[in-house]
file input.cif (mmCIF, C-alpha atoms and all ligand atoms)
data_work
#
loop_
_atom_site.label_atom_id
_atom_site.label_comp_id
_atom_site.auth_asym_id
_atom_site.auth_seq_id
_atom_site.Cartn_x
_atom_site.Cartn_y
_atom_site.Cartn_z
CA MET I 722 57.01 59.82 31.31
CA SER I 723 57.21 63.17 33.11
CA GLU I 724 57.93 66.35 31.10
CA ILE I 725 61.55 67.39 30.72
CA ASN I 726 62.26 70.59 32.61
CA ASN I 727 64.94 72.92 31.33
CA VAL I 728 66.33 73.53 34.80
CA VAL I 729 65.68 71.91 38.15
CA ILE I 730 67.17 73.70 41.15
CA VAL I 731 67.65 71.56 44.23
CA GLY I 732 67.65 73.72 47.35
CA SER I 733 65.98 76.93 48.44
CA GLY I 734 68.54 79.05 50.26
CA PRO I 735 69.94 82.28 48.81
CA ALA I 736 71.82 80.32 46.10
CA GLY I 737 68.74 78.36 45.02
CA TRP I 738 66.36 81.32 44.94
CA THR I 739 68.81 83.59 43.14
CA ALA I 740 69.42 80.89 40.53
CA ALA I 741 65.64 80.65 40.20
CA VAL I 742 65.24 84.41 39.70
CA TYR I 743 67.84 84.43 36.92
CA ALA I 744 66.68 81.20 35.23
CA ALA I 745 63.06 82.36 35.39
CA ARG I 746 63.86 85.77 33.91
CA ALA I 747 65.71 83.95 31.11
CA GLY I 748 62.43 82.18 30.31
CA PHE I 749 63.35 78.69 31.54
CA ALA I 750 60.49 78.33 34.05
CA PRO I 751 62.83 76.55 36.49
CA LEU I 752 61.47 74.06 38.99
CA VAL I 753 62.75 74.57 42.54
CA LEU I 754 62.73 71.55 44.83
CA ALA I 755 62.56 73.62 48.00
CA GLY I 756 62.72 70.83 50.59
CA GLU I 757 59.91 69.35 52.64
CA LEU I 758 60.80 70.27 56.21
CA GLU I 759 63.71 72.65 55.87
CA ALA I 760 62.72 74.91 52.97
CA GLY I 761 64.69 78.15 52.84
CA GLY I 762 67.96 76.76 54.11
CA ALA I 763 70.11 78.05 56.95
CA LEU I 764 68.66 81.57 56.93
CA MET I 765 65.31 80.20 58.09
CA THR I 766 66.87 79.58 61.48
CA THR I 767 68.59 82.97 61.68
CA THR I 768 67.25 86.09 63.28
CA GLU I 769 68.36 89.49 62.02
CA VAL I 770 70.52 89.59 58.88
CA GLU I 771 72.37 92.88 59.05
CA ASN I 772 74.85 92.49 56.21
CA PHE I 773 72.71 91.73 53.16
CA PRO I 774 72.97 94.87 51.01
CA GLY I 775 69.72 96.71 50.38
CA PHE I 776 68.30 96.30 53.88
CA PRO I 777 69.84 99.13 55.91
CA GLU I 778 67.67 98.35 58.94
CA GLY I 779 68.43 94.60 58.71
CA ILE I 780 65.93 91.93 57.75
CA MET I 781 64.87 88.68 59.45
CA GLY I 782 66.34 85.61 57.71
CA PRO I 783 62.95 84.00 56.92
CA ASP I 784 61.64 87.32 55.53
CA LEU I 785 64.63 87.60 53.21
CA MET I 786 64.02 84.08 51.94
CA ALA I 787 60.31 84.78 51.43
CA LYS I 788 61.15 87.89 49.39
CA MET I 789 63.61 85.94 47.22
CA GLN I 790 61.01 83.23 46.61
CA GLU I 791 58.35 85.82 45.74
CA GLN I 792 60.74 87.41 43.25
CA ALA I 793 61.53 84.04 41.61
CA GLU I 794 57.86 83.07 41.39
CA ARG I 795 56.94 86.43 39.93
CA PHE I 796 59.06 85.55 36.88
CA GLY I 797 57.68 82.04 36.51
CA ALA I 798 59.71 79.78 38.81
CA ARG I 799 57.71 76.78 40.01
CA VAL I 800 58.16 75.38 43.52
CA GLU I 801 57.62 71.92 44.99
CA TYR I 802 58.17 71.40 48.73
CA GLU I 803 59.95 68.08 48.34
CA ASP I 804 63.39 66.71 49.19
CA ALA I 805 65.50 65.16 46.45
CA THR I 806 66.18 61.63 47.64
CA GLU I 807 68.00 60.22 44.62
CA LEU I 808 69.62 61.83 41.61
CA GLU I 809 70.72 60.35 38.29
CA LEU I 810 72.91 63.04 36.87
CA ALA I 811 74.78 61.38 34.00
CA GLY I 812 73.49 61.76 30.44
CA GLU I 813 71.65 64.57 28.71
CA VAL I 814 68.42 64.11 30.66
CA LYS I 815 68.85 63.95 34.41
CA THR I 816 66.34 62.42 36.85
CA ILE I 817 65.65 63.68 40.35
CA ARG I 818 63.51 61.49 42.60
CA THR I 819 61.62 62.57 45.68
CA ALA I 820 59.28 60.72 48.04
CA TYR I 821 56.40 61.86 45.82
CA GLY I 822 57.60 61.32 42.29
CA GLU I 823 60.36 62.05 39.84
CA TYR I 824 61.42 65.05 37.78
CA ARG I 825 63.50 65.17 34.63
CA ALA I 826 65.77 68.02 33.62
CA ARG I 827 68.30 69.03 30.99
CA ALA I 828 70.24 71.05 33.56
CA VAL I 829 70.42 70.72 37.33
CA ILE I 830 71.62 73.33 39.81
CA LEU I 831 72.68 71.85 43.13
CA ALA I 832 72.14 74.40 45.91
CA LEU I 833 71.99 71.80 48.67
CA GLY I 834 73.48 73.97 51.42
CA SER I 835 75.02 72.54 54.55
CA ALA I 836 73.90 70.73 57.68
CA HIS I 837 74.62 71.54 61.33
CA ARG I 838 77.80 69.89 62.58
CA ARG I 839 77.30 67.72 65.65
CA LEU I 840 79.45 67.61 68.76
CA GLY I 841 79.73 63.84 68.75
CA VAL I 842 79.76 63.50 72.55
CA PRO I 843 77.87 61.03 74.77
CA GLY I 844 74.36 62.30 75.51
CA GLU I 845 74.03 64.47 72.38
CA GLU I 846 71.66 62.06 70.62
CA GLU I 847 69.87 61.08 73.83
CA PHE I 848 68.98 64.67 74.75
CA ALA I 849 68.22 65.90 71.22
CA ALA I 850 64.97 67.90 71.52
CA LYS I 851 65.17 67.30 75.28
CA GLY I 852 67.53 70.19 75.88
CA VAL I 853 69.97 69.86 72.97
CA SER I 854 69.18 72.06 69.98
CA TYR I 855 70.83 73.33 66.81
CA CYS I 856 68.53 76.32 66.33
CA ALA I 857 68.12 79.14 68.84
CA THR I 858 65.34 80.87 66.92
CA CYS I 859 63.35 77.61 66.85
CA ASP I 860 63.84 76.52 70.45
CA GLY I 861 65.12 79.48 72.49
CA PHE I 862 61.73 80.32 73.93
CA PHE I 863 61.56 76.93 75.72
CA PHE I 864 64.44 77.99 77.95
CA LYS I 865 62.95 81.14 79.44
CA ASP I 866 64.70 81.94 82.74
CA LYS I 867 66.86 78.80 82.46
CA GLU I 868 70.62 78.28 82.25
CA ILE I 869 71.70 77.89 78.65
CA VAL I 870 74.97 76.79 77.02
CA VAL I 871 76.03 77.75 73.51
CA VAL I 872 78.96 75.83 72.03
CA GLY I 873 81.16 77.50 69.41
CA GLY I 874 83.05 80.71 68.76
CA GLY I 875 81.98 81.73 65.25
CA ASP I 876 79.32 84.15 63.99
CA SER I 877 76.59 81.55 64.42
CA ALA I 878 77.43 80.84 68.06
CA VAL I 879 77.65 84.52 68.90
CA THR I 880 74.40 85.39 67.08
CA GLU I 881 72.64 82.52 68.86
CA ALA I 882 74.06 83.49 72.27
CA LEU I 883 72.93 87.11 71.85
CA PHE I 884 69.47 85.95 70.85
CA LEU I 885 69.28 83.47 73.74
CA ALA I 886 70.29 86.16 76.25
CA ARG I 887 66.74 87.51 75.77
CA PHE I 888 65.34 84.32 77.29
CA GLY I 889 67.82 82.56 79.55
CA SER I 890 68.76 83.48 83.10
CA ALA I 891 72.40 83.04 82.00
CA VAL I 892 74.08 82.10 78.72
CA HIS I 893 77.36 80.19 78.98
CA VAL I 894 79.41 80.32 75.79
CA VAL I 895 81.80 77.38 75.61
CA HIS I 896 84.64 77.89 73.12
CA ARG I 897 87.62 75.63 72.57
CA ARG I 898 90.09 78.51 72.17
CA ASP I 899 90.73 81.80 73.98
CA GLU I 900 89.66 83.97 71.07
CA LEU I 901 86.41 84.17 69.13
CA ARG I 902 86.34 83.47 65.42
CA ALA I 903 83.26 85.68 65.06
CA SER I 904 83.42 89.11 63.40
CA LYS I 905 84.59 91.96 65.63
CA VAL I 906 81.24 93.74 65.79
CA LEU I 907 79.43 90.59 66.96
CA ALA I 908 82.22 89.56 69.35
CA GLU I 909 82.18 92.95 71.04
CA ARG I 910 78.41 92.82 71.40
CA LEU I 911 78.67 89.39 73.01
CA LEU I 912 81.36 90.31 75.48
CA ALA I 913 79.34 93.37 76.56
CA GLU I 914 76.19 91.29 77.22
CA GLU I 915 75.62 90.99 80.98
CA LYS I 916 73.96 87.58 80.91
CA VAL I 917 76.82 86.00 78.98
CA GLN I 918 79.54 84.07 80.74
CA MET I 919 82.49 82.95 78.62
CA HIS I 920 84.15 79.56 79.14
CA TRP I 921 87.38 79.94 77.19
CA ASN I 922 89.61 76.97 76.30
CA SER I 923 86.76 74.63 77.09
CA LYS I 924 84.96 71.84 75.36
CA VAL I 925 81.82 69.87 76.15
CA VAL I 926 82.74 66.23 76.63
CA GLU I 927 79.49 64.75 77.91
CA LEU I 928 75.83 65.60 78.47
CA LYS I 929 73.94 64.24 81.47
CA GLY I 930 70.38 64.17 82.73
CA GLY I 931 67.27 62.08 83.34
CA ASP I 932 64.27 62.61 81.08
CA VAL I 933 65.76 65.92 79.98
CA LEU I 934 69.20 67.52 79.87
CA GLU I 935 70.46 68.56 83.31
CA ALA I 936 74.21 69.12 83.02
CA ALA I 937 77.08 69.55 80.60
CA VAL I 938 80.52 68.24 81.50
CA LEU I 939 83.16 70.76 80.42
CA GLU I 940 86.84 69.98 79.99
CA ASP I 941 89.54 72.63 80.14
CA THR I 942 91.52 72.13 76.91
CA THR I 943 94.76 73.31 78.54
CA THR I 944 94.68 71.44 81.88
CA GLY I 945 92.30 68.56 81.09
CA GLU I 946 90.34 69.40 84.25
CA ARG I 947 86.66 68.53 84.14
CA ALA I 948 83.68 70.29 85.76
CA GLU I 949 79.91 69.82 85.61
CA LEU I 950 77.77 72.79 84.61
CA PRO I 951 74.06 72.54 85.52
CA VAL I 952 72.12 73.50 82.40
CA SER I 953 68.67 73.08 80.82
CA GLY I 954 69.40 73.99 77.21
CA LEU I 955 72.50 73.44 75.07
CA PHE I 956 72.77 74.95 71.61
CA VAL I 957 75.40 73.56 69.26
CA ALA I 958 76.74 76.16 66.79
CA ILE I 959 80.07 74.74 65.67
CA GLY I 960 79.69 75.13 61.93
CA HIS I 961 78.22 73.17 59.10
CA ASP I 962 79.12 70.38 56.71
CA PRO I 963 78.13 70.39 53.03
CA ARG I 964 75.03 68.33 52.29
CA THR I 965 76.26 65.95 49.62
CA ALA I 966 75.14 62.51 50.84
CA VAL I 967 72.23 62.45 48.37
CA LEU I 968 74.68 62.68 45.46
CA GLY I 969 76.00 59.21 46.20
CA GLY I 970 79.50 59.99 44.92
CA GLN I 971 78.39 60.95 41.39
CA VAL I 972 79.86 64.45 41.54
CA ALA I 973 83.52 65.15 42.36
CA LEU I 974 84.03 66.59 45.87
CA ASP I 975 87.04 68.29 47.46
CA ASP I 976 88.82 66.85 50.47
CA ALA I 977 86.44 68.61 52.89
CA GLY I 978 83.40 67.19 51.09
CA HIS I 979 82.33 70.30 49.17
CA ILE I 980 81.28 69.97 45.53
CA ARG I 981 84.21 70.75 43.27
CA VAL I 982 83.45 73.31 40.56
CA GLU I 983 85.52 74.57 37.62
CA GLU I 984 86.20 78.02 39.06
CA PRO I 985 85.29 80.69 38.16
CA SER I 986 82.30 78.81 36.70
CA THR I 987 79.84 76.70 38.69
CA ARG I 988 80.29 73.65 36.42
CA THR I 989 80.68 70.40 38.33
CA SER I 990 82.39 67.25 37.09
CA ILE I 991 79.16 66.28 35.25
CA PRO I 992 78.06 68.22 32.14
CA GLY I 993 74.76 70.01 32.73
CA VAL I 994 75.14 69.91 36.51
CA PHE I 995 76.03 73.12 38.32
CA ALA I 996 76.54 73.85 42.01
CA ALA I 997 76.33 76.98 44.15
CA GLY I 998 76.25 78.17 47.74
CA ASP I 999 77.40 76.51 50.95
CA VAL I 1000 77.59 73.09 49.31
CA VAL I 1001 80.54 74.46 47.29
CA ASP I 1002 81.95 77.30 49.36
CA ARG I 1003 84.45 76.53 52.10
CA THR I 1004 85.69 80.09 52.44
CA TYR I 1005 83.08 82.85 52.44
CA ARG I 1006 79.73 81.16 53.27
CA GLN I 1007 77.68 84.33 53.39
CA ALA I 1008 74.12 84.84 52.17
CA ILE I 1009 75.38 87.37 49.62
CA THR I 1010 78.15 85.10 48.27
CA ALA I 1011 75.68 82.20 48.00
CA ALA I 1012 73.26 84.47 46.12
CA ALA I 1013 76.05 85.55 43.76
CA ALA I 1014 76.99 81.92 43.10
CA GLY I 1015 73.33 81.12 42.41
CA CYS I 1016 73.34 83.86 39.78
CA ARG I 1017 76.47 82.39 38.18
CA ALA I 1018 74.96 78.89 38.20
CA ALA I 1019 71.85 80.11 36.39
CA LEU I 1020 73.96 81.91 33.76
CA ASP I 1021 76.15 78.81 33.33
CA ALA I 1022 73.04 76.61 32.96
CA GLN I 1023 71.66 79.07 30.42
CA ALA I 1024 74.87 78.90 28.36
CA TYR I 1025 74.84 75.09 28.58
CA LEU I 1026 71.22 74.87 27.42
CA ALA I 1027 71.92 77.28 24.56
CA SER I 1028 74.78 75.10 23.36
P1 LIG T 1 82.41 78.76 61.71
O1 LIG T 1 82.72 80.18 61.32
O2 LIG T 1 83.07 77.66 60.99
O3 LIG T 1 82.71 78.64 63.28
C1 LIG T 1 82.57 77.42 63.91
C2 LIG T 1 83.01 77.60 65.37
O4 LIG T 1 82.81 76.37 66.05
C3 LIG T 1 84.47 77.99 65.50
O5 LIG T 1 84.61 78.91 66.55
C4 LIG T 1 85.13 76.66 65.83
O6 LIG T 1 86.25 76.77 66.67
C5 LIG T 1 84.05 75.92 66.57
N1 LIG T 1 84.12 74.46 66.38
C6 LIG T 1 84.21 73.78 65.21
N2 LIG T 1 84.21 72.46 65.42
C7 LIG T 1 84.13 72.30 66.77
C8 LIG T 1 84.06 71.17 67.62
N3 LIG T 1 84.09 69.92 67.13
N4 LIG T 1 83.99 71.37 68.95
C9 LIG T 1 83.94 72.63 69.46
N5 LIG T 1 83.98 73.74 68.70
C10 LIG T 1 84.07 73.58 67.38
O7 LIG T 1 80.83 78.45 61.58
P2 LIG T 1 79.57 79.42 61.82
O8 LIG T 1 79.73 80.23 63.03
O9 LIG T 1 78.39 78.52 61.69
O10 LIG T 1 79.60 80.39 60.58
C11 LIG T 1 79.57 79.85 59.24
C12 LIG T 1 79.62 80.98 58.23
O11 LIG T 1 78.40 81.72 58.29
C13 LIG T 1 80.74 81.95 58.51
O12 LIG T 1 81.31 82.35 57.31
C14 LIG T 1 80.05 83.12 59.19
O13 LIG T 1 80.68 84.36 58.95
C15 LIG T 1 78.66 83.08 58.54
N6 LIG T 1 77.64 83.64 59.46
C16 LIG T 1 77.49 84.99 59.44
C17 LIG T 1 76.59 85.58 60.32
C18 LIG T 1 76.45 87.07 60.30
O14 LIG T 1 77.19 87.73 59.63
N7 LIG T 1 75.52 87.64 61.02
C19 LIG T 1 75.85 84.80 61.22
C20 LIG T 1 76.05 83.42 61.23
C21 LIG T 1 76.97 82.86 60.35
P3 LIG T 1 87.60 77.46 66.15
O15 LIG T 1 87.34 78.93 66.14
O16 LIG T 1 88.60 77.03 67.16
O17 LIG T 1 87.87 76.89 64.79
#

call {"tool": "encode", "arguments": {"input": "input.cif", "output": "structure tokens"}}
result
Amino acid sequence: MSEINNVVIVGSGPAGWTAAVYAARAGFAPLVLAGELEAGGALMTTTEVENFPGFPEGIMGPDLMAKMQEQAERFGARVEYEDATELELAGEVKTIRTAYGEYRARAVILALGSAHRRLGVPGEEEFAAKGVSYCATCDGFFFKDKEIVVVGGGDSAVTEALFLARFGSAVHVVHRRDELRASKVLAERLLAEEKVQMHWNSKVVELKGGDVLEAAVLEDTTTGERAELPVSGLFVAIGHDPRTAVLGGQVALDDAGHIRVEEPSTRTSIPGVFAAGDVVDRTYRQAITAAAAGCRAALDAQAYLAS
């Protein structure tokens, strides 16, 4: 039988690492299951983070995550680069399985984050990694001097479009409405960027090509008119969905699929199981709010273990 950990934290975004810092400083030597391929969460695919307090010059997303990890490890957090594949959360001792083994814990903090939402149009699967991408920082360089499309109108789409303007010959931003959802400062920066061409009231309805992506079919959402846009790269940035599939229905979710917690605590429907970050939050979804929730989850776990 494996040892029983006090706290296992599943996920390694700002919520997971902040929970680890607090649980480690409380002397619980938490174990962080950081993920095998996507350790660090959404910020690993972000460029400059300009709104995390304490970094007046901004900080790159991966650097921020590395600093959080370093801080957690300094106080005794342990890290395994594994994905939780199955969780048994009922009872006093919980079991978390991965492809490499199993871990037991008295308390579990779920900081599972969220996954990129897909367009769900013909060609999206076919041209994945052949022109279709969900991460500008990962794949932008492949589209140097090429025509690029970014789909979405939120902060992610705008940040990605601004980043891609460094590489592409033109960046077409396709948004389903006539107004961006993104924050004012980012929206203004986008609209001032010479290489950016806005396609308002438009949606991508199909992707076409041979071996690689060659065109996106756009539909005007007001007239229904369709037009083909020749393009080499298409970046989908239309939001995220909470990553809860691994929970297999054990924990109560809200109607949008986020883990339900007993606000203002991070307690889930199962005693000893806490949740924080994008997997819970349908409103704020910022690095700083995820970090704050991670702190609360660690304090809640601490109180639970003490009782
Ligand atoms: P988001 O704010 O939910 O925006 C998603 C965008 O995609 C919206 O413009 C939405 O259109 C559009 N969309 C959604 N489903 C669509 C579909 N099926 N087809 C076409 N378009 C679709 O998501 P996000 O941009 O990923 O941002 C998530 C959170 O992270 C936000 O809270 C954001 O502030 C934060 N974030 C912050 C920064 C930063 O501060 N630097 C950077 C990135 C993200 P509608 O507008 O019509 O709904």

call {"tool": "closest_atom_pairs", "arguments": {"input": "input.cif", "of": "segment 888-949 of chain I", "to": "segment 765-782 of chain I", "cutoff": "12 Å", "atoms": "only C-alpha atoms", "output": "tab-separated table"}}
result
residue	atom	partner	partner_atom	distance
I:Ser904	CA	I:Asn772	CA	11.7
I:Val906	CA	I:Glu771	CA	11.2
I:Leu907	CA	I:Glu771	CA	10.8

call {"tool": "closest_residue", "arguments": {"input": "input.cif", "among": "I:Ala886, I:Ala798, I:Ala805, I:Val925", "to": "Ala740 of chain I", "atoms": "all atoms listed in the file"}}
result
I:Ala798

call {"tool": "atom_distance", "arguments": {"input": "input.cif", "atom1": "atom CA of Lys929 of chain I", "atom2": "atom CA of Tyr855 of chain I"}}
result
17.5 Å

call {"tool": "closest_atom_pairs", "arguments": {"input": "input.cif", "of": "chain I", "to": "ligand LIG 1 (chain T)", "cutoff": "7 Å", "atoms": "only C-alpha atoms and all ligand atoms", "output": "CSV"}}
result
residue,atom,partner,partner_atom,distance
I:Val770,CA,T:LIG1,N7,5.8
I:Glu771,CA,T:LIG1,N7,6.4
I:Asn772,CA,T:LIG1,O14,6.3
I:Leu840,CA,T:LIG1,N3,5.4
I:Val872,CA,T:LIG1,N5,6.4
I:Gly873,CA,T:LIG1,O4,3.9
I:Gly874,CA,T:LIG1,O5,3.2
I:Gly875,CA,T:LIG1,O8,3.5
I:Asp876,CA,T:LIG1,O8,4.1
I:Ser877,CA,T:LIG1,O8,3.7
I:Ala878,CA,T:LIG1,O8,5.6
I:Thr880,CA,T:LIG1,C19,6.1
I:His896,CA,T:LIG1,N5,6.1
I:Arg897,CA,T:LIG1,N5,5.6
I:Arg898,CA,T:LIG1,O16,5.4
I:Leu901,CA,T:LIG1,O15,6.1
I:Arg902,CA,T:LIG1,O15,4.7
I:Ala903,CA,T:LIG1,O1,6.7
I:Lys924,CA,T:LIG1,C9,6.0
I:Ala958,CA,T:LIG1,O9,5.9
I:Ile959,CA,T:LIG1,O4,3.2
I:Gly960,CA,T:LIG1,O7,3.5
I:His961,CA,T:LIG1,O9,5.9
I:Thr1004,CA,T:LIG1,O12,6.9
I:Tyr1005,CA,T:LIG1,O12,5.2
I:Arg1006,CA,T:LIG1,O12,4.5
I:Gln1007,CA,T:LIG1,C15,5.4

call {"tool": "residues_around", "arguments": {"input": "input.cif", "residues": "Leu939 of chain I", "least_positions_apart": "3", "cutoff": "9 Å", "atoms": "all atoms listed in the file", "output": "list in words"}}
result
Val895, His920, Ser923, Lys924, Val925, Val926, Glu927, Glu946, Arg947, Ala948, Glu949 and Leu950 of chain I

call {"tool": "write_last_selection", "arguments": {"input": "input.cif", "atoms": "C-alpha atoms", "output": "compact mmCIF listing (two decimals), in the frame of the given file"}}
result
# COMPACT_ATOMS: atom_id res chain seq x y z
CA VAL I 895 81.80 77.38 75.61
CA HIS I 920 84.15 79.56 79.14
CA SER I 923 86.76 74.63 77.09
CA LYS I 924 84.96 71.84 75.36
CA VAL I 925 81.82 69.87 76.15
CA VAL I 926 82.74 66.23 76.63
CA GLU I 927 79.49 64.75 77.91
CA GLU I 946 90.34 69.40 84.25
CA ARG I 947 86.66 68.53 84.14
CA ALA I 948 83.68 70.29 85.76
CA GLU I 949 79.91 69.82 85.61
CA LEU I 950 77.77 72.79 84.61

call {"tool": "closest_residue", "arguments": {"input": "input.cif", "among": "I:Asp941, I:Glu807, I:Glu868, I:Asp1002", "to": "Gly852 of chain I", "atoms": "only C-alpha atoms"}}
result
I:Glu868

call {"tool": "atom_distance", "arguments": {"input": "input.cif", "atom1": "atom CA of Glu881 of chain I", "atom2": "atom CA of Gln792 of chain I"}}
result
28.7 Å

call {"tool": "residues_around", "arguments": {"input": "input.cif", "residues": "segment 732-735 of chain I", "least_positions_apart": "5", "cutoff": "7 Å", "atoms": "only C-alpha atoms", "output": "PyMOL selection string"}}
result
chain I and resi 753-756+760-763+786+831-833+1008+1011-1012

call {"tool": "write_last_selection", "arguments": {"input": "input.cif", "atoms": "C-alpha atoms", "output": "short mmCIF file (atom, residue, chain, number, x, y, z; two decimals), in the frame of the given file"}}
result
data_model
loop_
_atom_site.label_atom_id
_atom_site.label_comp_id
_atom_site.auth_asym_id
_atom_site.auth_seq_id
_atom_site.Cartn_x
_atom_site.Cartn_y
_atom_site.Cartn_z
CA VAL I 753 62.75 74.57 42.54
CA LEU I 754 62.73 71.55 44.83
CA ALA I 755 62.56 73.62 48.00
CA GLY I 756 62.72 70.83 50.59
CA ALA I 760 62.72 74.91 52.97
CA GLY I 761 64.69 78.15 52.84
CA GLY I 762 67.96 76.76 54.11
CA ALA I 763 70.11 78.05 56.95
CA MET I 786 64.02 84.08 51.94
CA LEU I 831 72.68 71.85 43.13
CA ALA I 832 72.14 74.40 45.91
CA LEU I 833 71.99 71.80 48.67
CA ALA I 1008 74.12 84.84 52.17
CA ALA I 1011 75.68 82.20 48.00
CA ALA I 1012 73.26 84.47 46.12
#

call {"tool": "atom_distance", "arguments": {"input": "input.cif", "atom1": "atom CA of Ile817 of chain I", "atom2": "atom CA of Arg799 of chain I"}}
result
15.3 Å

call {"tool": "residues_around", "arguments": {"input": "input.cif", "residues": "Ala936 of chain I", "least_positions_apart": "2", "cutoff": "8 Å", "atoms": "all atoms listed in the file", "output": "PyMOL selection string"}}
result
chain I and resi 928-930+934+938+949-953
